[in-house]
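Pasted below: my_file_16.pdb, PDB, C-alpha atoms.
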ATOM      1  CA  MET A   1      36.171  65.947 -35.900
ATOM      2  CA  GLY A   2      39.073  65.502 -33.455
ATOM      3  CA  ARG A   3      40.722  68.105 -31.344
ATOM      4  CA  ASP A   4      43.551  68.460 -33.878
ATOM      5  CA  GLY A   5      41.082  69.264 -36.632
ATOM      6  CA  ARG A   6      39.270  71.850 -34.533
ATOM      7  CA  GLY A   7      42.596  73.377 -33.574
ATOM      8  CA  VAL A   8      43.616  73.717 -37.208
ATOM      9  CA  ARG A   9      40.306  75.321 -38.156
ATOM     10  CA  LEU A  10      40.633  77.767 -35.285
ATOM     11  CA  ALA A  11      44.183  78.597 -36.343
ATOM     12  CA  VAL A  12      43.017  79.212 -39.903
ATOM     13  CA  ARG A  13      40.222  81.507 -38.748
ATOM     14  CA  VAL A  14      42.712  83.512 -36.697
ATOM     15  CA  LEU A  15      45.858  83.464 -38.829
ATOM     16  CA  VAL A  16      44.368  84.328 -42.215
ATOM     17  CA  PRO A  17      42.457  87.495 -41.209
ATOM     18  CA  ALA A  18      45.207  88.546 -38.788
ATOM     19  CA  GLY A  19      47.886  88.147 -41.447
ATOM     20  CA  LEU A  20      45.859  89.997 -44.065
ATOM     21  CA  ALA A  21      45.092  92.811 -41.620
ATOM     22  CA  LEU A  22      48.780  93.117 -40.749
ATOM     23  CA  ALA A  23      49.768  93.256 -44.418
ATOM     24  CA  ALA A  24      47.016  95.748 -45.272
ATOM     25  CA  GLY A  25      48.030  98.028 -42.396
ATOM     26  CA  ALA A  26      51.677  98.006 -43.454
ATOM     27  CA  ILE A  27      50.776  98.725 -47.077
ATOM     28  CA  LEU A  28      48.572 101.609 -45.912
ATOM     29  CA  VAL A  29      51.503 103.062 -43.961
ATOM     30  CA  ILE A  30      53.709 102.874 -47.055
ATOM     31  CA  GLY A  31      51.015 104.488 -49.193
ATOM     32  CA  THR A  32      50.448 107.400 -46.819
ATOM     33  CA  SER A  33      54.101 108.116 -46.015
ATOM     34  CA  HIS A  34      55.572 107.656 -49.499
ATOM     35  CA  THR A  35      54.747 108.513 -53.077
ATOM     36  CA  SER A  36      56.477 108.411 -56.451
ATOM     37  CA  ALA A  37      56.976 110.638 -59.472
ATOM     38  CA  THR A  38      58.187 110.179 -63.020
ATOM     39  CA  VAL A  39      60.936 112.550 -64.177
ATOM     40  CA  ASN A  40      59.622 114.465 -67.191
ATOM     41  CA  GLY A  41      62.688 116.412 -68.305
ATOM     42  CA  SER A  42      66.461 116.578 -68.027
ATOM     43  CA  ALA A  43      66.683 119.366 -65.425
ATOM     44  CA  MET A  44      67.865 116.878 -62.767
ATOM     45  CA  ASP A  45      70.199 114.939 -65.062
ATOM     46  CA  PRO A  46      72.529 113.138 -64.316
ATOM     47  CA  THR A  47      71.061 112.427 -60.874
ATOM     48  CA  TYR A  48      67.676 111.498 -62.339
ATOM     49  CA  SER A  49      67.080 110.787 -66.017
ATOM     50  CA  PRO A  50      63.951 111.516 -68.088
ATOM     51  CA  GLY A  51      61.368 108.777 -67.620
ATOM     52  CA  GLU A  52      62.911 107.534 -64.371
ATOM     53  CA  LEU A  53      60.493 106.636 -61.560
ATOM     54  CA  VAL A  54      61.598 108.279 -58.310
ATOM     55  CA  LEU A  55      60.473 107.120 -54.866
ATOM     56  CA  LEU A  56      59.744 109.972 -52.447
ATOM     57  CA  GLU A  57      58.796 110.386 -48.808
ATOM     58  CA  ARG A  58      56.191 112.902 -47.706
ATOM     59  CA  VAL A  59      57.614 115.616 -45.439
ATOM     60  CA  ASP A  60      56.502 118.723 -43.598
ATOM     61  CA  ALA A  61      58.083 122.053 -44.448
ATOM     62  CA  GLY A  62      60.022 122.026 -41.182
ATOM     63  CA  ALA A  63      61.829 118.794 -42.075
ATOM     64  CA  ILE A  64      63.375 120.087 -45.314
ATOM     65  CA  GLU A  65      67.156 120.529 -45.398
ATOM     66  CA  ARG A  66      69.701 122.012 -47.787
ATOM     67  CA  GLY A  67      70.683 119.492 -50.421
ATOM     68  CA  ASP A  68      67.326 117.715 -50.387
ATOM     69  CA  VAL A  69      65.835 116.865 -53.763
ATOM     70  CA  VAL A  70      62.187 117.808 -53.419
ATOM     71  CA  LEU A  71      58.983 117.544 -55.400
ATOM     72  CA  TYR A  72      56.989 120.756 -55.225
ATOM     73  CA  ARG A  73      54.092 122.455 -56.939
ATOM     74  CA  THR A  74      53.349 126.154 -57.151
ATOM     75  CA  GLY A  75      50.498 127.685 -59.090
ATOM     76  CA  ASN A  76      52.440 130.537 -60.713
ATOM     77  CA  ARG A  77      55.186 128.405 -62.313
ATOM     78  CA  TYR A  78      55.429 125.474 -64.689
ATOM     79  CA  MET A  79      51.694 125.637 -65.451
ATOM     80  CA  GLY A  80      50.971 124.223 -62.013
ATOM     81  CA  MET A  81      52.912 121.012 -62.667
ATOM     82  CA  ALA A  82      54.933 119.350 -59.896
ATOM     83  CA  VAL A  83      58.689 119.573 -60.475
ATOM     84  CA  LEU A  84      61.762 117.951 -58.971
ATOM     85  CA  GLN A  85      64.616 120.273 -57.920
ATOM     86  CA  ARG A  86      67.362 120.514 -55.304
ATOM     87  CA  VAL A  87      67.214 122.780 -52.250
ATOM     88  CA  ILE A  88      70.213 125.130 -52.341
ATOM     89  CA  GLY A  89      69.175 127.778 -49.841
ATOM     90  CA  MET A  90      66.642 128.271 -47.058
ATOM     91  CA  GLY A  91      65.180 131.274 -45.277
ATOM     92  CA  GLY A  92      67.882 133.827 -44.428
ATOM     93  CA  ASP A  93      70.563 132.291 -46.666
ATOM     94  CA  ARG A  94      72.486 134.522 -49.062
ATOM     95  CA  ILE A  95      72.966 132.807 -52.426
ATOM     96  CA  ARG A  96      75.500 134.199 -54.900
ATOM     97  CA  GLN A  97      76.954 133.066 -58.201
ATOM     98  CA  SER A  98      78.963 134.454 -61.100
ATOM     99  CA  PRO A  99      78.970 132.874 -64.589
ATOM    100  CA  GLY A 100      81.332 129.911 -64.585
ATOM    101  CA  GLY A 101      81.838 130.081 -60.828
ATOM    102  CA  PRO A 102      80.509 127.991 -57.966
ATOM    103  CA  VAL A 103      77.325 128.705 -56.065
ATOM    104  CA  THR A 104      78.107 130.249 -52.684
ATOM    105  CA  VAL A 105      75.837 129.966 -49.659
ATOM    106  CA  ASN A 106      76.494 132.550 -46.950
ATOM    107  CA  GLY A 107      79.900 133.231 -48.479
ATOM    108  CA  LYS A 108      81.034 129.602 -48.698
ATOM    109  CA  PRO A 109      81.454 127.811 -52.057
ATOM    110  CA  LEU A 110      79.013 124.931 -52.317
ATOM    111  CA  ALA A 111      80.489 121.529 -53.176
ATOM    112  CA  GLU A 112      78.231 120.078 -55.864
ATOM    113  CA  PRO A 113      79.552 116.760 -57.210
ATOM    114  CA  TYR A 114      76.093 115.982 -58.576
ATOM    115  CA  VAL A 115      75.883 118.735 -61.233
ATOM    116  CA  LYS A 116      75.925 117.854 -64.929
ATOM    117  CA  ASP A 117      79.429 117.918 -66.459
ATOM    118  CA  GLY A 118      80.790 119.479 -63.266
ATOM    119  CA  ASP A 119      79.272 122.834 -64.305
ATOM    120  CA  PRO A 120      77.503 124.550 -61.379
ATOM    121  CA  SER A 121      76.522 127.676 -63.309
ATOM    122  CA  GLY A 122      75.251 126.616 -66.722
ATOM    123  CA  MET A 123      76.399 130.076 -67.885
ATOM    124  CA  ALA A 124      73.485 131.695 -66.051
ATOM    125  CA  GLN A 125      73.491 135.404 -65.269
ATOM    126  CA  GLU A 126      75.144 136.634 -62.093
ATOM    127  CA  TYR A 127      72.863 136.802 -59.091
ATOM    128  CA  ASP A 128      73.066 137.693 -55.419
ATOM    129  CA  VAL A 129      69.924 137.105 -53.374
ATOM    130  CA  VAL A 130      68.784 136.545 -49.809
ATOM    131  CA  VAL A 131      66.128 133.867 -49.422
ATOM    132  CA  PRO A 132      63.044 135.145 -47.547
ATOM    133  CA  GLU A 133      62.050 133.322 -44.371
ATOM    134  CA  GLY A 134      59.880 130.270 -44.890
ATOM    135  CA  ARG A 135      61.012 129.904 -48.478
ATOM    136  CA  LEU A 136      63.487 127.853 -50.527
ATOM    137  CA  PHE A 137      65.935 128.589 -53.342
ATOM    138  CA  LEU A 138      65.993 125.621 -55.726
ATOM    139  CA  LEU A 139      68.189 124.601 -58.656
ATOM    140  CA  GLY A 140      68.268 121.702 -61.083
ATOM    141  CA  ASP A 141      71.368 119.517 -61.279
ATOM    142  CA  HIS A 142      71.651 120.146 -65.030
ATOM    143  CA  ARG A 143      72.217 123.872 -64.683
ATOM    144  CA  ALA A 144      72.405 124.555 -68.423
ATOM    145  CA  ASN A 145      68.951 123.042 -68.923
ATOM    146  CA  ALA A 146      67.034 123.819 -65.730
ATOM    147  CA  ASN A 147      64.298 126.436 -65.476
ATOM    148  CA  ASP A 148      64.758 126.987 -61.757
ATOM    149  CA  SER A 149      64.944 129.769 -59.156
ATOM    150  CA  ARG A 150      67.529 131.677 -61.219
ATOM    151  CA  PHE A 151      64.852 132.551 -63.763
ATOM    152  CA  PHE A 152      62.378 133.977 -61.240
ATOM    153  CA  LEU A 153      64.660 136.311 -59.285
ATOM    154  CA  THR A 154      62.122 139.151 -59.330
ATOM    155  CA  GLU A 155      59.629 136.927 -57.495
ATOM    156  CA  GLN A 156      60.832 136.894 -53.878
ATOM    157  CA  ALA A 157      64.431 136.244 -54.955
ATOM    158  CA  GLY A 158      63.354 133.292 -57.071
ATOM    159  CA  SER A 159      62.284 131.379 -53.999
ATOM    160  CA  VAL A 160      59.374 129.020 -53.435
ATOM    161  CA  ALA A 161      57.323 128.647 -50.257
ATOM    162  CA  ALA A 162      58.553 125.674 -48.233
ATOM    163  CA  THR A 163      54.913 124.660 -47.820
ATOM    164  CA  ALA A 164      54.757 124.025 -51.587
ATOM    165  CA  VAL A 165      56.955 120.950 -51.120
ATOM    166  CA  GLN A 166      54.987 117.720 -51.354
ATOM    167  CA  ALA A 167      57.768 115.174 -50.821
ATOM    168  CA  ARG A 168      61.511 114.613 -50.999
ATOM    169  CA  VAL A 169      63.859 111.879 -52.116
ATOM    170  CA  PRO A 170      64.876 109.942 -48.975
ATOM    171  CA  ASP A 171      68.544 109.542 -48.087
ATOM    172  CA  SER A 172      67.965 105.793 -48.087
ATOM    173  CA  ARG A 173      65.105 103.332 -48.310
ATOM    174  CA  ALA A 174      65.519 102.268 -44.693
ATOM    175  CA  GLY A 175      62.252 103.987 -43.829
ATOM    176  CA  LEU A 176      60.442 101.533 -46.079
ATOM    177  CA  LEU A 177      62.144  98.490 -44.614
ATOM    178  CA  VAL A 178      60.023  98.044 -41.472
ATOM    179  CA  PRO A 179      56.585  98.417 -43.117
ATOM    180  CA  ALA A 180      57.705  96.306 -46.087
ATOM    181  CA  LEU A 181      58.896  93.509 -43.799
ATOM    182  CA  THR A 182      55.692  93.826 -41.778
ATOM    183  CA  ALA A 183      53.616  93.450 -44.930
ATOM    184  CA  LEU A 184      55.657  90.416 -45.936
ATOM    185  CA  LEU A 185      55.231  88.885 -42.484
ATOM    186  CA  GLY A 186      51.482  89.421 -42.664
ATOM    187  CA  LEU A 187      51.281  87.714 -46.036
ATOM    188  CA  LEU A 188      53.373  84.806 -44.766
ATOM    189  CA  VAL A 189      51.116  84.407 -41.724
ATOM    190  CA  ALA A 190      48.019  84.419 -43.935
ATOM    191  CA  ALA A 191      49.637  81.962 -46.340
ATOM    192  CA  GLY A 192      50.561  79.707 -43.426
ATOM    193  CA  GLY A 193      46.978  79.716 -42.231
ATOM    194  CA  LEU A 194      45.677  78.875 -45.687
ATOM    195  CA  THR A 195      48.237  76.110 -46.077
ATOM    196  CA  ALA A 196      47.294  74.588 -42.721
ATOM    197  CA  GLY A 197      43.629  74.724 -43.666
ATOM    198  CA  THR A 198      44.252  73.127 -47.043
ATOM    199  CA  VAL A 199      46.321  70.306 -45.553
ATOM    200  CA  SER A 200      43.654  69.671 -42.920
ATOM    201  CA  TRP A 201      40.914  69.594 -45.554
ATOM    202  CA  VAL A 202      42.875  67.157 -47.732
ATOM    203  CA  LYS A 203      43.480  64.864 -44.755
ATOM    204  CA  ARG A 204      39.784  64.868 -43.863
ATOM    205  CA  ARG A 205      38.797  64.080 -47.433
ATOM    206  CA  THR A 206      41.374  61.300 -47.623
ATOM    207  CA  GLY A 207      40.200  59.831 -44.317
ATOM    208  CA  ARG A 208      36.565  59.838 -45.430
ATOM    209  CA  GLY A 209      37.490  58.137 -48.680
ATOM    210  CA  ARG A 210      39.259  55.352 -46.868
ATOM    211  CA  ARG A 211      36.342  54.756 -44.486
ATOM    212  CA  THR A 212      33.839  54.400 -47.329
ATOM    213  CA  ARG A 213      35.786  51.666 -49.090
TER     214      ARG A 213
END
The structure given in the file should be rewritten as structure tokens.
Amino acid sequence: MGRDGRGVRLAVRVLVPAGLALAAGAILVIGTSHTSATVNGSAMDPTYSPGELVLLERVDAGAIERGDVVLYRTGNRYMGMAVLQRVIGMGGDRIRQSPGGPVTVNGKPLAEPYVKDGDPSGMAQEYDVVVPEGRLFLLGDHRANANDSRFFLTEQAGSVAATAVQARVPDSRAGLLVPALTALLGLLVAAGGLTAGTVSWVKRRTGRGRRTR
């Protein structure tokens, strides 16, 4: 075998495992930093429809912000099932609402273009609560059909511990771009190595066939 052939074999032995390792590492990053959930009801309609698959990023409690749509699970509600709702208030916030009126946070009306039919109240009862520290006040976007913090006001002002949040909907999918491109690059490198090896093998077989004639 000539130097070219040995060089190709060496490249194959390096490129294929290196490419696969790169792809596997990137996929592992995606799997550990992101998750997904299927919307089971219409509480978040029209933002998310029943049956829709939602991509989420895992976050710590300290990274949660007002307006985030989060997936959380708490043992004393919803039979322990994970639910998707929007963060309206955080620890120390005063949340008020009258039937037919807007939600106010610390005295300021909350702009909510995402609510179903432009109705921020859903004809719920009047409430005026202060969110305890380390907790979140959450509402569904379809206020007339959401079993959210408004219905648990006697339990720490309807709030949920921020630590109950498992993930949130990212503002964009830019966070997935780098690992996804890295995985693609790894697969391309591995494919290139396999292609080079296949071409080299075919050439060797062809050369042997010609010499035996």
In Å, how far is it from CA of Ala43 (chain A) to CA of Asp93 (chain A)? 23.1 Å
Counting only C-alpha atoms, what are the residues of region 66-137 of chain A within 9 Å of region 143-158 of chain A, and for each of them which pair of atoms is the nearest and at what distance in Å, to one decimal? Sort the table by chain and rising number, as a Markdown table.
| residue | atom | partner | partner_atom | distance |
| --- | --- | --- | --- | --- |
| A:Tyr78 | CA | A:Asn147 | CA | 9.0 |
| A:Gln85 | CA | A:Asp148 | CA | 7.7 |
| A:Val115 | CA | A:Arg143 | CA | 7.2 |
| A:Lys116 | CA | A:Arg143 | CA | 7.1 |
| A:Asp119 | CA | A:Arg143 | CA | 7.1 |
| A:Pro120 | CA | A:Arg143 | CA | 6.3 |
| A:Ser121 | CA | A:Arg143 | CA | 5.9 |
| A:Gly122 | CA | A:Ala144 | CA | 3.9 |
| A:Met123 | CA | A:Ala144 | CA | 6.8 |
| A:Ala124 | CA | A:Ala144 | CA | 7.6 |
| A:Gln125 | CA | A:Arg150 | CA | 8.1 |
| A:Tyr127 | CA | A:Arg150 | CA | 7.7 |
| A:Asp128 | CA | A:Ala157 | CA | 8.8 |
| A:Val129 | CA | A:Ala157 | CA | 5.8 |
| A:Val130 | CA | A:Ala157 | CA | 6.7 |
| A:Val131 | CA | A:Ala157 | CA | 6.3 |
| A:Pro132 | CA | A:Gln156 | CA | 6.9 |
| A:Arg135 | CA | A:Gln156 | CA | 8.8 |
| A:Leu136 | CA | A:Gly158 | CA | 8.5 |
| A:Phe137 | CA | A:Ser149 | CA | 6.0 |
Of the residues A:Thr47, A:Thr38, A:Thr163, A:Thr74, which is the one nearest to Pro113 (chain A), using only C-alpha atoms?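 For Pro113 (chain A), the nearest of the given residues is A:Thr47.
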State, in Å with one decimal place, the distance from CA of Glu65 (chain A) to CA of Gly89 (chain A).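 Spanning CA of Glu65 (chain A) to CA of Gly89 (chain A) is a straight-line distance of 8.7 Å.
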Selection in question (the file shown): the PyMOL selection byres ((chain A and resi 106) around 10). Which residues does it include, as a ChimeraX atom specification? /A:89,92-96,103-105,107-110,130
Residues at most 12 Å from region 54-64 of chain A, counting all atoms listed in the file, excluding those fewer than 5 positions away in the same chain, as a ChimeraX atom specification? /A:29-40,44,47-49,69-72,83-84,86-91,133-137,160-176
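CA of Tyr114 (chain A) is positioned 21.2 Å from CA of Ser159 (chain A).
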4 Å per side around region 66-71 of chain A: axis-aligned box centre and edge lengths, as JSON:
{"center_x": 64.8, "center_y": 119.4, "center_z": -51.6, "size_x": 19.7, "size_y": 13.1, "size_z": 15.6}
